[in-house]
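All remarks here apply to the structure that follows.
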Amino acid sequence: MKAIAHSYPLQNTTQTAAQTVVPTAAQSISTADFIYSPPPTAKTARRILVKPNLGYPVGPPVTVSMTVLSNVLEGLRKANPTAEILIVEGVCSKVSLADIAVKNGLMPLLAEGIRLLNADELECIEYPNQLPEPVRFKTMWAPKLLQEVDCRISVSAFKKTNLKGRELISASLKNLYGLFPREKYRARSPHSRGQLHRPSVPLVLQDVYFCIGHLFDGGVVDCDRKFISHDYKPDKGNSFDIGQVIWGNDLLAVDQLACEVAQERQADYLAPIATLRPPA
């Protein structure tokens with residue numbers, strides 16, 4: 001089966017035509033037929049960073065499936081046999097990344113040239129916010145490694161949580177929260193990044209995108225099953241079969257198509273970020 005390619009204008013229907021961003025293609029295909037095609041930067045990269053959604057000691061759809069992640073790694077390796085592939089994640093749990101990797105079945109994927117790194121143990125630097133008027137953070141601390149690799153890929157699950165009556169979609173952009181050091185962005189709980197929830201996640205995602213999100217060369221959303229939480233807890237809820245994987249070279253386009261494929265309304269963060277970023 002061939003992938004179905006779509007071009008979607010990332011815009012809010014209340015915006016004028018002048019504010020429309022040039023659309024970027026994203027693709028959707030059945031999980032069984034998914035073969036990952038990496039972005040062009042992956043083919044010549046010496047080092048590739050893969051950021052999977054593996055923050056909890058719970059399997060899919062709370063976290064990304066090893067089947068989808070394995071296909072991404074295979075696609076990268078086929079496109080570039082010699083690149084070093086660095087799987088980087090920072091957990092949101094009392095359980096260590098090493099234990100989560102074992103429990104969720106990641107270890108067999110760590111073949112020669114593929115390493116697992118804990119984001120909370122990496123040297124961090126400040127990334128400037130490209131927004132003239134940041135929502136909250138003029139700079140954000142994240143691993144220095146982001147600027148040392150040649151290609152960056154976000155590989156996420158698809159989840160919907162609910163906080164104070166507002167729905168929140170977690171896909172390839174929200175997945176980047178795991179790169180920020182917990183020690184820096186913790187609030188009441190030492191295991192999460194509570195500072196990144198104020199004033200709201202959709203608003204803070206604007207800062208996230210314009211600090212580090214714009215650096216990413218591609219995104220993949222494992223939408224084989226979507227996860228729906230009844231409250232704010234991203235690891236407790238119900239799952240629903242969708243049977244698709246979405247990927248592309250633009251995080252916003254990927255997340256927009258993921259919302260459509262999952263039959264969810266467009267994530268709140270999509271239109272504002274698309275309006276704020278410069279045209280492609």
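Ordered as shown in the structure tokens, chains take letters A, B, and onward, while each chain numbers its residues from 1 and ligands are numbered from 1 in the order shown.
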
All strand (DSSP E) residues (DSSP, backbone) inside range 104-271 of chain A, as a ChimeraX atom specification: /A:114-118,124-128,139-143,151-163,166-170,218-229,237-248

Sort by chain and increasing residue number a table of all residues of range 33-67 of chain A within 8 Å of range 93-96 of chain A, each with its closest pair of atoms and their distance in Å to one decimal, counting only C-alpha atoms, and write it as CSV.
residue,atom,partner,partner_atom,distance
A:Gly55,CA,A:Ser93,CA,6.7
A:Tyr56,CA,A:Ser93,CA,5.8
A:Pro57,CA,A:Val95,CA,6.9

Convert the current residue selection to file output with all heavy atoms, as a PDB file, in the first residue's frame.
ATOM      1  N   GLY A  55       8.733   8.204  28.191  1.00  0.00           N
ATOM      2  CA  GLY A  55       8.876   8.793  29.515  1.00  0.00           C
ATOM      3  C   GLY A  55       8.252   8.015  30.656  1.00  0.00           C
ATOM      4  O   GLY A  55       8.446   8.363  31.825  1.00  0.00           O
ATOM      5  N   TYR A  56       7.500   6.954  30.354  1.00  0.00           N
ATOM      6  CA  TYR A  56       6.796   6.201  31.383  1.00  0.00           C
ATOM      7  C   TYR A  56       7.063   4.703  31.234  1.00  0.00           C
ATOM      8  O   TYR A  56       7.264   4.221  30.117  1.00  0.00           O
ATOM      9  CB  TYR A  56       5.282   6.446  31.277  1.00  0.00           C
ATOM     10  CG  TYR A  56       4.882   7.873  31.509  1.00  0.00           C
ATOM     11  CD1 TYR A  56       4.790   8.767  30.438  1.00  0.00           C
ATOM     12  CD2 TYR A  56       4.599   8.342  32.784  1.00  0.00           C
ATOM     13  CE1 TYR A  56       4.428  10.087  30.638  1.00  0.00           C
ATOM     14  CE2 TYR A  56       4.243   9.659  32.991  1.00  0.00           C
ATOM     15  CZ  TYR A  56       4.159  10.528  31.921  1.00  0.00           C
ATOM     16  OH  TYR A  56       3.813  11.838  32.119  1.00  0.00           O
ATOM     17  N   PRO A  57       7.012   3.963  32.349  1.00  0.00           N
ATOM     18  CA  PRO A  57       7.211   2.507  32.291  1.00  0.00           C
ATOM     19  C   PRO A  57       5.926   1.785  31.896  1.00  0.00           C
ATOM     20  O   PRO A  57       5.514   0.817  32.528  1.00  0.00           O
ATOM     21  CB  PRO A  57       7.629   2.170  33.732  1.00  0.00           C
ATOM     22  CG  PRO A  57       6.912   3.177  34.564  1.00  0.00           C
ATOM     23  CD  PRO A  57       6.894   4.451  33.742  1.00  0.00           C
TER      24      PRO A  57
END

Using only C-alpha atoms, which residues of range 211-263 of chain A come within 10 Å of range 174-190 of chain A, and what is the closest atom pair for each, with the distance in Å to one decimal? Give it as CSV, sorted by chain and residue number.
residue,atom,partner,partner_atom,distance
A:Ile212,CA,A:Leu176,CA,8.4
A:Gly213,CA,A:Leu176,CA,7.5
A:Phe216,CA,A:Leu176,CA,9.8
A:Gly219,CA,A:Asn175,CA,9.9
A:Val221,CA,A:Asn175,CA,9.8
A:Leu251,CA,A:Lys174,CA,9.9
A:Asp255,CA,A:Lys174,CA,9.6

Exercise: Gly59 in chain A partners within 10 Å, only C-alpha atoms, chain neighbours under 4 positions left out, as a ChimeraX atom specification: /A:54,63-66,100,103-105,235

Selection near Ile125 in chain A, 6 Å with only C-alpha atoms, sequence-local residues under 2 positions removed, as number ranges by chain: A: 141-142, 144

Expected answer as a PyMOL selection string: helix (DSSP H, G or I) residues in range 55-265 of chain A: chain A and resi 66-79+97-103+107-109+119-121+144-147+174-179+182-185+194-197+201-211+213-215+251-261

Straight-line distance linking CA of Pro128 in chain A with CA of Ile169 in chain A, stated in Å to one decimal: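 CA of Pro128 in chain A sits 25.1 Å away from CA of Ile169 in chain A.
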
Can you tell me which residues surround Val72 in chain A at a distance of at most 12 Å, considering only C-alpha atoms, apart from same-chain residues fewer than 3 positions away, and format the answer as a short mmCIF file (atom, residue, chain, number, x, y, z; two decimals) with all heavy atoms, in the first residue's frame?
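For reference, out12.cif as written:
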data_model
loop_
_atom_site.label_atom_id
_atom_site.label_comp_id
_atom_site.auth_asym_id
_atom_site.auth_seq_id
_atom_site.Cartn_x
_atom_site.Cartn_y
_atom_site.Cartn_z
N PHE A 34 4.00 0.64 7.23
CA PHE A 34 4.88 1.78 7.48
C PHE A 34 6.34 1.44 7.21
O PHE A 34 6.90 0.51 7.80
CB PHE A 34 4.72 2.25 8.93
CG PHE A 34 5.69 3.32 9.35
CD1 PHE A 34 5.81 4.49 8.61
CD2 PHE A 34 6.47 3.17 10.49
CE1 PHE A 34 6.69 5.49 9.00
CE2 PHE A 34 7.35 4.15 10.89
CZ PHE A 34 7.46 5.32 10.15
N ILE A 35 6.93 2.17 6.28
CA ILE A 35 8.37 2.12 6.02
C ILE A 35 8.86 3.57 6.08
O ILE A 35 8.42 4.41 5.29
CB ILE A 35 8.68 1.50 4.65
CG1 ILE A 35 8.19 0.05 4.59
CG2 ILE A 35 10.18 1.57 4.37
CD1 ILE A 35 8.34 -0.59 3.23
N TYR A 36 9.73 3.86 7.00
CA TYR A 36 10.12 5.25 7.24
C TYR A 36 11.05 5.78 6.17
O TYR A 36 12.06 5.16 5.83
CB TYR A 36 10.79 5.37 8.60
CG TYR A 36 11.16 6.79 8.97
CD1 TYR A 36 10.20 7.80 8.96
CD2 TYR A 36 12.46 7.12 9.32
CE1 TYR A 36 10.53 9.10 9.29
CE2 TYR A 36 12.80 8.42 9.66
CZ TYR A 36 11.83 9.41 9.65
OH TYR A 36 12.16 10.70 9.98
N SER A 37 10.71 6.96 5.65
CA SER A 37 11.56 7.69 4.71
C SER A 37 12.10 8.92 5.43
O SER A 37 11.36 9.87 5.70
CB SER A 37 10.75 8.13 3.48
OG SER A 37 10.23 7.02 2.79
N PRO A 38 13.38 8.93 5.78
CA PRO A 38 13.94 10.03 6.56
C PRO A 38 14.04 11.33 5.77
O PRO A 38 14.00 11.32 4.53
CB PRO A 38 15.35 9.52 6.93
CG PRO A 38 15.33 8.06 6.65
CD PRO A 38 14.35 7.86 5.54
N PRO A 39 14.19 12.45 6.46
CA PRO A 39 14.41 13.72 5.77
C PRO A 39 15.79 13.73 5.10
O PRO A 39 16.67 12.94 5.46
CB PRO A 39 14.34 14.75 6.90
CG PRO A 39 14.68 13.98 8.14
CD PRO A 39 14.13 12.61 7.93
N ALA A 42 19.16 13.48 7.03
CA ALA A 42 19.58 12.21 7.63
C ALA A 42 20.56 11.47 6.73
O ALA A 42 21.40 10.70 7.22
CB ALA A 42 18.37 11.34 7.91
N ILE A 48 22.76 11.46 14.32
CA ILE A 48 21.33 11.68 14.24
C ILE A 48 20.73 11.51 15.63
O ILE A 48 21.00 10.52 16.31
CB ILE A 48 20.66 10.69 13.27
CG1 ILE A 48 21.23 10.84 11.86
CG2 ILE A 48 19.14 10.88 13.26
CD1 ILE A 48 20.79 9.74 10.90
N LEU A 49 19.96 12.48 16.07
CA LEU A 49 19.28 12.40 17.36
C LEU A 49 17.83 11.97 17.14
O LEU A 49 17.11 12.59 16.35
CB LEU A 49 19.34 13.75 18.07
CG LEU A 49 18.77 13.82 19.49
CD1 LEU A 49 19.55 14.84 20.33
CD2 LEU A 49 17.28 14.19 19.49
N VAL A 50 17.41 10.93 17.84
CA VAL A 50 16.03 10.46 17.81
C VAL A 50 15.45 10.65 19.20
O VAL A 50 15.97 10.12 20.18
CB VAL A 50 15.95 8.98 17.40
CG1 VAL A 50 14.51 8.47 17.48
CG2 VAL A 50 16.49 8.80 15.98
N LYS A 51 14.36 11.42 19.29
CA LYS A 51 13.72 11.67 20.58
C LYS A 51 12.39 10.89 20.61
O LYS A 51 11.39 11.34 20.07
CB LYS A 51 13.49 13.17 20.73
CG LYS A 51 13.02 13.73 22.09
CD LYS A 51 12.33 12.81 23.01
CE LYS A 51 11.74 13.43 24.23
NZ LYS A 51 10.50 12.68 24.61
N PRO A 52 12.37 9.70 21.23
CA PRO A 52 11.13 8.92 21.30
C PRO A 52 10.31 9.30 22.54
O PRO A 52 10.86 9.82 23.51
CB PRO A 52 11.64 7.48 21.42
CG PRO A 52 12.90 7.64 22.22
CD PRO A 52 13.49 8.98 21.84
N VAL A 64 5.55 5.31 22.76
CA VAL A 64 5.65 4.86 21.36
C VAL A 64 5.94 3.36 21.32
O VAL A 64 6.64 2.82 22.18
CB VAL A 64 6.74 5.66 20.63
CG1 VAL A 64 8.13 5.32 21.15
CG2 VAL A 64 6.67 5.43 19.13
N SER A 65 5.39 2.69 20.33
CA SER A 65 5.60 1.25 20.21
C SER A 65 7.00 0.96 19.67
O SER A 65 7.57 1.74 18.90
CB SER A 65 4.56 0.62 19.29
OG SER A 65 4.84 0.92 17.93
N MET A 66 7.55 -0.17 20.08
CA MET A 66 8.86 -0.56 19.58
C MET A 66 8.81 -0.91 18.09
O MET A 66 9.81 -0.80 17.39
CB MET A 66 9.39 -1.74 20.39
CG MET A 66 9.74 -1.40 21.84
SD MET A 66 10.95 -0.05 22.01
CE MET A 66 9.87 1.34 22.43
N THR A 67 7.64 -1.31 17.62
CA THR A 67 7.51 -1.60 16.18
C THR A 67 7.72 -0.34 15.36
O THR A 67 8.49 -0.33 14.38
CB THR A 67 6.12 -2.18 15.88
OG1 THR A 67 5.95 -3.41 16.60
CG2 THR A 67 5.95 -2.44 14.39
N VAL A 68 7.06 0.75 15.75
CA VAL A 68 7.22 2.02 15.02
C VAL A 68 8.63 2.56 15.19
O VAL A 68 9.27 2.98 14.22
CB VAL A 68 6.17 3.04 15.49
CG1 VAL A 68 6.50 4.44 14.95
CG2 VAL A 68 4.78 2.63 15.04
N LEU A 69 9.15 2.54 16.42
CA LEU A 69 10.50 3.06 16.65
C LEU A 69 11.53 2.24 15.88
O LEU A 69 12.46 2.79 15.29
CB LEU A 69 10.81 3.04 18.14
CG LEU A 69 12.18 3.59 18.54
CD1 LEU A 69 12.37 5.02 18.05
CD2 LEU A 69 12.36 3.52 20.06
N GLY A 75 14.79 2.73 8.91
CA GLY A 75 14.77 3.69 7.81
C GLY A 75 15.98 4.60 7.83
O GLY A 75 16.58 4.91 6.79
N LEU A 76 16.37 5.04 9.03
CA LEU A 76 17.56 5.88 9.17
C LEU A 76 18.82 5.12 8.78
O LEU A 76 19.69 5.63 8.08
CB LEU A 76 17.66 6.40 10.60
CG LEU A 76 16.62 7.42 11.03
CD1 LEU A 76 16.70 7.66 12.53
CD2 LEU A 76 16.80 8.74 10.28
N ARG A 77 18.90 3.88 9.25
CA ARG A 77 20.10 3.09 8.97
C ARG A 77 20.22 2.75 7.48
O ARG A 77 21.32 2.77 6.91
CB ARG A 77 20.09 1.82 9.82
CG ARG A 77 21.31 0.95 9.69
CD ARG A 77 22.60 1.73 9.95
NE ARG A 77 22.88 1.94 11.35
CZ ARG A 77 23.41 3.06 11.83
NH1 ARG A 77 23.68 4.07 11.02
NH2 ARG A 77 23.66 3.19 13.11
N LYS A 78 19.10 2.48 6.85
CA LYS A 78 19.13 2.19 5.42
C LYS A 78 19.55 3.41 4.63
O LYS A 78 20.31 3.31 3.65
CB LYS A 78 17.75 1.72 4.96
CG LYS A 78 17.70 1.32 3.49
CD LYS A 78 16.34 0.77 3.10
CE LYS A 78 16.31 0.36 1.63
NZ LYS A 78 14.97 -0.18 1.24
N ALA A 79 19.07 4.59 5.03
CA ALA A 79 19.42 5.82 4.33
C ALA A 79 20.85 6.24 4.60
O ALA A 79 21.50 6.88 3.76
CB ALA A 79 18.46 6.94 4.74
N ILE A 85 23.53 6.96 15.71
CA ILE A 85 22.15 7.30 16.06
C ILE A 85 22.04 7.35 17.58
O ILE A 85 22.34 6.37 18.28
CB ILE A 85 21.17 6.26 15.48
CG1 ILE A 85 21.26 6.24 13.95
CG2 ILE A 85 19.74 6.59 15.92
CD1 ILE A 85 20.42 5.16 13.29
N ILE A 87 19.59 7.87 20.70
CA ILE A 87 18.22 7.90 21.21
C ILE A 87 18.25 8.65 22.53
O ILE A 87 18.90 8.21 23.49
CB ILE A 87 17.68 6.47 21.40
CG1 ILE A 87 17.67 5.72 20.07
CG2 ILE A 87 16.27 6.50 21.99
CD1 ILE A 87 17.28 4.26 20.19
N LEU A 109 16.88 -2.99 20.40
CA LEU A 109 17.05 -2.08 19.27
C LEU A 109 18.40 -1.38 19.29
O LEU A 109 18.78 -0.72 18.32
CB LEU A 109 15.93 -1.04 19.25
CG LEU A 109 14.49 -1.55 19.21
CD1 LEU A 109 13.53 -0.38 19.03
CD2 LEU A 109 14.30 -2.58 18.12
N ILE A 153 15.02 13.94 14.98
CA ILE A 153 13.72 13.35 14.67
C ILE A 153 12.93 13.15 15.96
O ILE A 153 13.44 12.58 16.92
CB ILE A 153 13.86 11.98 13.97
CG1 ILE A 153 14.81 12.07 12.77
CG2 ILE A 153 12.49 11.44 13.55
CD1 ILE A 153 14.32 12.88 11.63
N SER A 154 11.69 13.59 15.99
CA SER A 154 10.79 13.34 17.13
C SER A 154 9.87 12.17 16.78
O SER A 154 9.23 12.18 15.73
CB SER A 154 9.94 14.59 17.42
OG SER A 154 8.96 14.31 18.40
N VAL A 155 9.83 11.17 17.66
CA VAL A 155 8.99 9.98 17.44
C VAL A 155 8.05 9.85 18.64
O VAL A 155 8.48 9.47 19.73
CB VAL A 155 9.83 8.71 17.27
CG1 VAL A 155 8.95 7.53 16.90
CG2 VAL A 155 10.93 8.91 16.23
N SER A 156 6.79 10.15 18.44
CA SER A 156 5.87 10.27 19.57
C SER A 156 4.68 9.31 19.48
O SER A 156 4.38 8.76 18.42
CB SER A 156 5.33 11.70 19.65
OG SER A 156 4.44 11.95 18.58
N GLY A 218 12.33 16.38 11.34
CA GLY A 218 11.19 15.53 11.02
C GLY A 218 10.50 15.02 12.26
O GLY A 218 11.02 15.08 13.37
N GLY A 219 9.27 14.53 12.05
CA GLY A 219 8.50 13.98 13.14
C GLY A 219 7.74 12.75 12.70
O GLY A 219 7.38 12.60 11.52
N VAL A 220 7.51 11.85 13.65
CA VAL A 220 6.72 10.64 13.42
C VAL A 220 5.74 10.52 14.57
O VAL A 220 6.12 10.69 15.74
CB VAL A 220 7.62 9.38 13.39
CG1 VAL A 220 6.78 8.13 13.15
CG2 VAL A 220 8.70 9.51 12.32
N VAL A 221 4.48 10.25 14.27
CA VAL A 221 3.46 10.03 15.31
C VAL A 221 2.91 8.62 15.17
O VAL A 221 2.34 8.26 14.14
CB VAL A 221 2.32 11.07 15.22
CG1 VAL A 221 1.27 10.76 16.28
CG2 VAL A 221 2.86 12.48 15.42
N ASP A 222 3.10 7.83 16.22
CA ASP A 222 2.56 6.48 16.29
C ASP A 222 1.07 6.59 16.64
O ASP A 222 0.70 6.80 17.79
CB ASP A 222 3.31 5.69 17.36
CG ASP A 222 2.77 4.28 17.56
OD1 ASP A 222 1.81 3.90 16.87
OD2 ASP A 222 3.32 3.57 18.42
N VAL A 245 0.25 5.40 11.01
CA VAL A 245 1.46 6.13 11.41
C VAL A 245 1.55 7.36 10.52
O VAL A 245 1.31 7.28 9.31
CB VAL A 245 2.73 5.27 11.25
CG1 VAL A 245 3.96 6.08 11.62
CG2 VAL A 245 2.64 4.01 12.12
N ILE A 246 1.87 8.49 11.13
CA ILE A 246 1.97 9.76 10.40
C ILE A 246 3.41 10.24 10.50
O ILE A 246 4.00 10.20 11.59
CB ILE A 246 1.01 10.82 10.98
CG1 ILE A 246 -0.45 10.35 10.83
CG2 ILE A 246 1.18 12.15 10.28
CD1 ILE A 246 -0.98 9.58 12.00
N TRP A 247 3.97 10.70 9.39
CA TRP A 247 5.32 11.25 9.45
C TRP A 247 5.52 12.28 8.37
O TRP A 247 4.77 12.37 7.41
CB TRP A 247 6.36 10.13 9.34
CG TRP A 247 6.67 9.63 7.96
CD1 TRP A 247 7.75 9.95 7.19
CD2 TRP A 247 5.91 8.70 7.18
NE1 TRP A 247 7.71 9.28 6.00
CE2 TRP A 247 6.60 8.50 5.96
CE3 TRP A 247 4.71 8.01 7.40
CZ2 TRP A 247 6.12 7.66 4.97
CZ3 TRP A 247 4.23 7.17 6.41
CH2 TRP A 247 4.94 7.00 5.22
N GLY A 248 6.55 13.10 8.56
CA GLY A 248 6.88 14.15 7.61
C GLY A 248 8.06 14.95 8.10
O GLY A 248 8.63 14.64 9.15
#

Two-atom distance - CA of Thr139 in chain A, CA of Leu173 in chain A (Å):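 One can read the CA of Thr139 in chain A to CA of Leu173 in chain A distance as 17.4 Å.
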
Non-local contacts of range 227-230 of chain A (8 Å; only C-alpha atoms; under 4 positions in same chain excluded) as a PyMOL selection string: chain A and resi 61-62+158-162+234-240

Coordinates-based distance that separates CA of Val261 in chain A from CA of Val204 in chain A (Å, one decimal):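 Going from CA of Val204 in chain A over to CA of Val261 in chain A covers 24.8 Å.
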
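Using only C-alpha atoms, the nearest neighbour of Lys164 in chain A within the list A:Val208, A:Ile29, A:Asp150, A:Asp231 is A:Asp231.
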
Closest of A:Asp99, A:Asp268, A:Glu89, A:Glu133 to Ala119 in chain A - atom-to-atom distances counting only C-alpha atoms: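 The closest residue to Ala119 in chain A is A:Glu89.
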